[in-house]
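The structure under discussion appears below in the form of structure tokens.
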Amino acid sequence: MLPRKDSPPAATPAKQIDDENDEPDDWDKRIIDTGCSGASSVKRCLAFRPPPRILVRSITSYPTNTPTGKFYKISEEGGLKDELPEIEEREGHIDWSRSFHGLSTEPFSKEITEALMQPLDPEDVEIKPDGIIYLPEIKYRRILNRTFGPGGWGMAPRSATIITDKLVTREYALICQGRLVSVSRGEQAYFDESSIPTSTEGCKSNALMRACKDIGIGSELWDPRFIRKFKEKYTEEKFVEHATTKKKKKISRRKGDPIEYPWKIC
């Protein structure tokens, strides 16, 4: 009886496989070095050969019970391997991924406190088209550098990077003058896997902005009364139209700022 055209191919005979494996490779040589020197012994040892290593996709799923659904981590084959190392805590060596060293031990000096809690310059505050006001992350870094000096502060990761379908998130600790002052979790959206490295930097900056609330930097931005007064004095809302799709919407901007292409005022 002839096989049907759509039938799967017949399995390769075991003898043919053995013949193809007659030429010793690195695995065979390691077997021979361990004492399986006879031909029959080699054949028996080959039965325990591990399966070939197959590279998986750069993102491997790990299901969780969180509302966001599945979480993802970049596998070793994908290149992002940022699990935190185990550090032995001893004098002069602190594992910032676990330690709370220096937290709430004493307040900063009066000069440092005044520098951190100085009112924001309205010219430094920006507004997003959706009406959310914010301080650019570089301004936080400049305040920390003026207050503690470059090298006098830093961000220490407290977890591995977690990547969901659309989001990158990681926990960081803000360290100032050798003591932990705040712990926060940053997040950053991304659109495709090629932008994940850039999103990890955005995630770190987001964690920095959140951590700075605890030491007084830009705390006004979370004050509803400040937000209302700032918007009333410095911002305005305009209806705009997309140059190609003709879609219309209302956006917020600082008074006097231009409307950027592809939007134009209706």
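A note on labels: chains of the structure tokens are A, B, ... as shown, every chain counts residues from 1, and ligands are counted from 1 in their shown order.
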
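Proximity to A:Lys238 at 9 Å, evaluated using only C-alpha atoms and with sequence-adjacent residues fewer than 3 positions away removed, yields Lys249, Lys250, Ile251, Ser252, Arg253, Ile265 and Cys266 of chain A.
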
Set the distance at 12 Å and use only C-alpha atoms: which residues neighbour A:Asp192 once local chain neighbours fewer than 2 positions away are removed? I'd like the list as a ChimeraX atom specification.
/A:59,163-168,189-190,194-199

Residues just named, written with all heavy atoms as a compact mmCIF listing (two decimals), in the first residue's frame:
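File written: result.txt
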# COMPACT_ATOMS: atom_id res chain seq x y z
N ILE A 59 12.86 36.52 25.41
CA ILE A 59 11.99 36.78 26.55
C ILE A 59 11.28 35.49 26.92
O ILE A 59 10.67 34.85 26.09
CB ILE A 59 10.97 37.88 26.23
CG1 ILE A 59 11.71 39.21 26.04
CG2 ILE A 59 9.93 37.98 27.31
CD1 ILE A 59 10.80 40.37 25.81
N ILE A 163 10.08 42.65 33.29
CA ILE A 163 9.56 43.17 32.03
C ILE A 163 8.23 42.50 31.73
O ILE A 163 8.17 41.28 31.56
CB ILE A 163 10.55 42.94 30.88
CG1 ILE A 163 11.90 43.57 31.22
CG2 ILE A 163 10.02 43.50 29.57
CD1 ILE A 163 12.98 43.27 30.21
N THR A 164 7.17 43.28 31.67
CA THR A 164 5.86 42.77 31.29
C THR A 164 5.68 42.97 29.79
O THR A 164 6.62 43.33 29.09
CB THR A 164 4.74 43.48 32.07
OG1 THR A 164 4.66 44.84 31.62
CG2 THR A 164 5.02 43.47 33.56
N ASP A 165 4.47 42.74 29.30
CA ASP A 165 4.21 42.90 27.87
C ASP A 165 4.49 44.32 27.39
O ASP A 165 4.87 44.53 26.24
CB ASP A 165 2.77 42.53 27.54
CG ASP A 165 2.52 41.04 27.72
OD1 ASP A 165 3.48 40.26 27.56
OD2 ASP A 165 1.38 40.67 28.04
N LYS A 166 4.28 45.31 28.27
CA LYS A 166 4.41 46.70 27.84
C LYS A 166 5.20 47.56 28.80
O LYS A 166 5.35 48.76 28.58
CB LYS A 166 3.01 47.33 27.68
CG LYS A 166 2.14 46.65 26.65
CD LYS A 166 0.77 47.31 26.57
CE LYS A 166 -0.11 46.63 25.55
NZ LYS A 166 -1.45 47.26 25.46
N LEU A 167 5.75 46.98 29.87
CA LEU A 167 6.32 47.79 30.94
C LEU A 167 7.62 47.20 31.46
O LEU A 167 7.78 45.99 31.54
CB LEU A 167 5.31 47.91 32.09
CG LEU A 167 5.54 48.98 33.13
CD1 LEU A 167 5.24 50.35 32.54
CD2 LEU A 167 4.63 48.73 34.33
N VAL A 168 8.56 48.09 31.81
CA VAL A 168 9.80 47.71 32.49
C VAL A 168 9.74 48.29 33.90
O VAL A 168 9.41 49.46 34.08
CB VAL A 168 11.04 48.27 31.76
CG1 VAL A 168 12.31 47.99 32.56
CG2 VAL A 168 11.16 47.68 30.37
N ALA A 189 7.26 52.48 30.16
CA ALA A 189 6.61 51.74 29.07
C ALA A 189 7.57 51.59 27.90
O ALA A 189 8.49 52.40 27.71
CB ALA A 189 5.34 52.47 28.63
N TYR A 190 7.38 50.53 27.11
CA TYR A 190 8.15 50.33 25.89
C TYR A 190 7.22 49.77 24.81
O TYR A 190 6.15 49.25 25.10
CB TYR A 190 9.34 49.40 26.12
CG TYR A 190 8.99 47.95 26.32
CD1 TYR A 190 9.03 47.04 25.28
CD2 TYR A 190 8.61 47.47 27.58
CE1 TYR A 190 8.70 45.70 25.46
CE2 TYR A 190 8.28 46.15 27.78
CZ TYR A 190 8.33 45.26 26.72
OH TYR A 190 7.99 43.95 26.90
N SER A 194 13.41 46.00 21.08
CA SER A 194 14.63 46.74 20.78
C SER A 194 14.79 47.99 21.65
O SER A 194 15.89 48.51 21.80
CB SER A 194 14.66 47.13 19.30
OG SER A 194 13.60 48.02 19.00
N SER A 195 13.68 48.48 22.22
CA SER A 195 13.75 49.69 23.05
C SER A 195 13.86 49.39 24.54
O SER A 195 13.83 50.31 25.36
CB SER A 195 12.51 50.56 22.79
OG SER A 195 11.32 49.89 23.22
N ILE A 196 13.99 48.11 24.90
CA ILE A 196 14.07 47.75 26.32
C ILE A 196 15.29 48.37 27.01
O ILE A 196 15.17 48.89 28.12
CB ILE A 196 14.06 46.22 26.49
CG1 ILE A 196 12.64 45.68 26.20
CG2 ILE A 196 14.48 45.80 27.89
CD1 ILE A 196 12.51 44.18 26.28
N PRO A 197 16.50 48.37 26.40
CA PRO A 197 17.64 49.01 27.09
C PRO A 197 17.39 50.47 27.43
O PRO A 197 17.71 50.93 28.53
CB PRO A 197 18.78 48.84 26.08
CG PRO A 197 18.42 47.62 25.31
CD PRO A 197 16.93 47.68 25.16
N THR A 198 16.80 51.22 26.50
CA THR A 198 16.48 52.62 26.77
C THR A 198 15.43 52.73 27.87
O THR A 198 15.49 53.62 28.73
CB THR A 198 15.98 53.31 25.49
OG1 THR A 198 16.99 53.22 24.48
CG2 THR A 198 15.66 54.77 25.75
N SER A 199 14.47 51.81 27.86
CA SER A 199 13.40 51.84 28.87
C SER A 199 13.94 51.53 30.26
O SER A 199 13.40 52.02 31.25
CB SER A 199 12.29 50.85 28.49
OG SER A 199 11.69 51.22 27.27

Would you pick out the contacts of A:Thr235 at 9 Å or less, using only C-alpha atoms, so that residues sharing its chain but fewer than 4 positions from it are not included, and give the list as a list in words?
Ile127, Gly131, Phe230, Lys231, Ser252, Arg253, Arg254, Lys255 and Gly256 of chain A

Nearest to A:Ser99 by atom-to-atom distance, counting only C-alpha atoms, from A:Gly178, A:Pro150, A:Pro129, A:Pro119:
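Under the stated criterion, the closest residue is A:Gly178.
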
Kindly provide the residues of stretch 214-241 of chain A that approach stretch 179-182 of chain A to within 12 Å, each paired with its closest atom pair and their distance in Å to one decimal, based on only C-alpha atoms, listed by chain and increasing number, as a Markdown table.
| residue | atom | partner | partner_atom | distance |
| --- | --- | --- | --- | --- |
| A:Asp214 | CA | A:Ser182 | CA | 6.4 |
| A:Ile215 | CA | A:Val181 | CA | 7.6 |
| A:Gly216 | CA | A:Ser182 | CA | 11.3 |

Record the distance separating atom CA of A:Arg141 and atom CA of A:Tyr234, expressed in Å with one decimal.
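Atom CA of A:Tyr234 lies at a distance of 24.1 Å from atom CA of A:Arg141.
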
For A:Ile175, find every residue with an atom within 12 Å (counting only C-alpha atoms), except residues of its own chain fewer than 4 positions away, and show them as number ranges by chain.
A: 94-97, 99-103, 144, 148, 151-158, 179-184, 208, 211-212, 215

Write the selection just made, keeping C-alpha atoms, as a PDB file, in the first residue's frame?
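Okay, this is what ended up in selection-v1.pdb:
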ATOM      1  CA  ILE A  94      27.152  46.862  52.534  1.00  0.00           C
ATOM      2  CA  ASP A  95      24.744  44.852  50.407  1.00  0.00           C
ATOM      3  CA  TRP A  96      22.422  47.656  49.283  1.00  0.00           C
ATOM      4  CA  SER A  97      20.084  45.148  47.631  1.00  0.00           C
ATOM      5  CA  SER A  99      20.390  46.498  53.689  1.00  0.00           C
ATOM      6  CA  PHE A 100      18.623  49.482  55.268  1.00  0.00           C
ATOM      7  CA  HIS A 101      21.877  50.828  56.677  1.00  0.00           C
ATOM      8  CA  GLY A 102      21.584  54.384  58.006  1.00  0.00           C
ATOM      9  CA  LEU A 103      17.850  54.738  57.426  1.00  0.00           C
ATOM     10  CA  LEU A 144      21.417  66.173  44.303  1.00  0.00           C
ATOM     11  CA  PHE A 148      25.842  66.252  48.058  1.00  0.00           C
ATOM     12  CA  GLY A 151      29.727  60.915  43.870  1.00  0.00           C
ATOM     13  CA  GLY A 152      28.036  61.786  47.155  1.00  0.00           C
ATOM     14  CA  TRP A 153      24.820  60.023  46.182  1.00  0.00           C
ATOM     15  CA  GLY A 154      23.713  57.087  44.022  1.00  0.00           C
ATOM     16  CA  MET A 155      20.945  54.686  43.009  1.00  0.00           C
ATOM     17  CA  ALA A 156      21.394  51.031  44.045  1.00  0.00           C
ATOM     18  CA  PRO A 157      19.141  48.349  42.465  1.00  0.00           C
ATOM     19  CA  ARG A 158      17.095  46.305  44.948  1.00  0.00           C
ATOM     20  CA  ARG A 179      23.252  55.872  54.034  1.00  0.00           C
ATOM     21  CA  LEU A 180      19.960  54.693  52.616  1.00  0.00           C
ATOM     22  CA  VAL A 181      17.331  57.438  52.539  1.00  0.00           C
ATOM     23  CA  SER A 182      14.536  56.021  50.353  1.00  0.00           C
ATOM     24  CA  VAL A 183      13.369  52.954  48.405  1.00  0.00           C
ATOM     25  CA  SER A 184      11.141  53.272  45.341  1.00  0.00           C
ATOM     26  CA  LEU A 208      14.839  58.514  41.292  1.00  0.00           C
ATOM     27  CA  ALA A 211      12.556  58.516  45.857  1.00  0.00           C
ATOM     28  CA  CYS A 212      13.319  62.237  45.975  1.00  0.00           C
ATOM     29  CA  ILE A 215      13.911  64.026  51.032  1.00  0.00           C
TER      30      ILE A 215
END

Within 10 Å of A:Thr147 using only C-alpha atoms, minus same-chain residues under 4 positions, as a PyMOL selection string:
chain A and resi 111-116+141-143+152-153+176

Output N, CA, C and O atoms of each residue in that selection to a file, as an mmCIF file, in the first residue's frame.
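Okay, part06.cif is ready:
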data_model
loop_
_atom_site.group_PDB
_atom_site.id
_atom_site.type_symbol
_atom_site.label_atom_id
_atom_site.label_comp_id
_atom_site.auth_asym_id
_atom_site.auth_seq_id
_atom_site.Cartn_x
_atom_site.Cartn_y
_atom_site.Cartn_z
ATOM 1 N N GLU A 111 22.069 72.951 56.422
ATOM 2 C CA GLU A 111 22.395 73.422 55.076
ATOM 3 C C GLU A 111 21.869 72.458 54.013
ATOM 4 O O GLU A 111 21.294 72.875 52.999
ATOM 5 N N ILE A 112 22.048 71.163 54.239
ATOM 6 C CA ILE A 112 21.569 70.162 53.280
ATOM 7 C C ILE A 112 20.052 70.172 53.230
ATOM 8 O O ILE A 112 19.444 70.115 52.150
ATOM 9 N N THR A 113 19.397 70.255 54.384
ATOM 10 C CA THR A 113 17.940 70.260 54.432
ATOM 11 C C THR A 113 17.365 71.438 53.657
ATOM 12 O O THR A 113 16.399 71.289 52.891
ATOM 13 N N GLU A 114 17.961 72.612 53.828
ATOM 14 C CA GLU A 114 17.473 73.798 53.108
ATOM 15 C C GLU A 114 17.676 73.657 51.606
ATOM 16 O O GLU A 114 16.829 74.076 50.810
ATOM 17 N N ALA A 115 18.792 73.047 51.199
ATOM 18 C CA ALA A 115 19.053 72.874 49.772
ATOM 19 C C ALA A 115 18.071 71.888 49.145
ATOM 20 O O ALA A 115 17.611 72.081 48.017
ATOM 21 N N LEU A 116 17.726 70.827 49.887
ATOM 22 C CA LEU A 116 16.808 69.816 49.356
ATOM 23 C C LEU A 116 15.376 70.330 49.283
ATOM 24 O O LEU A 116 14.640 70.009 48.338
ATOM 25 N N ARG A 141 18.702 65.365 39.392
ATOM 26 C CA ARG A 141 20.131 65.040 39.480
ATOM 27 C C ARG A 141 20.962 66.273 39.782
ATOM 28 O O ARG A 141 21.937 66.208 40.551
ATOM 29 N N ARG A 142 20.602 67.412 39.196
ATOM 30 C CA ARG A 142 21.350 68.637 39.456
ATOM 31 C C ARG A 142 21.197 69.085 40.903
ATOM 32 O O ARG A 142 22.165 69.545 41.524
ATOM 33 N N ILE A 143 19.984 68.954 41.453
ATOM 34 C CA ILE A 143 19.777 69.311 42.864
ATOM 35 C C ILE A 143 20.605 68.411 43.770
ATOM 36 O O ILE A 143 21.244 68.868 44.729
ATOM 37 N N GLY A 152 28.538 61.820 45.785
ATOM 38 C CA GLY A 152 28.036 61.786 47.155
ATOM 39 C C GLY A 152 26.674 61.152 47.288
ATOM 40 O O GLY A 152 26.133 61.063 48.388
ATOM 41 N N TRP A 153 26.115 60.689 46.165
ATOM 42 C CA TRP A 153 24.820 60.023 46.182
ATOM 43 C C TRP A 153 24.789 58.998 45.046
ATOM 44 O O TRP A 153 25.618 59.032 44.138
ATOM 45 N N CYS A 176 22.548 58.376 49.974
ATOM 46 C CA CYS A 176 23.175 59.696 50.092
ATOM 47 C C CYS A 176 24.159 59.678 51.253
ATOM 48 O O CYS A 176 23.806 59.280 52.370
#

Just give me the gap between atom CA of A:Lys139 and atom CA of A:Glu260 in Å, one decimal is fine.
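Pair atom CA of A:Lys139 / atom CA of A:Glu260 returns 23.4 Å.
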
For A:Thr161, which residue out of A:Glu237, A:His93, A:Ser205, A:Arg185 is the nearest one, using only C-alpha atoms?
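Closest candidate: A:Arg185.
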
Atom-to-atom span, atom CA of A:Glu236 and atom CA of A:Val125, Å:
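Atom CA of A:Val125 lies 14.2 Å from atom CA of A:Glu236.
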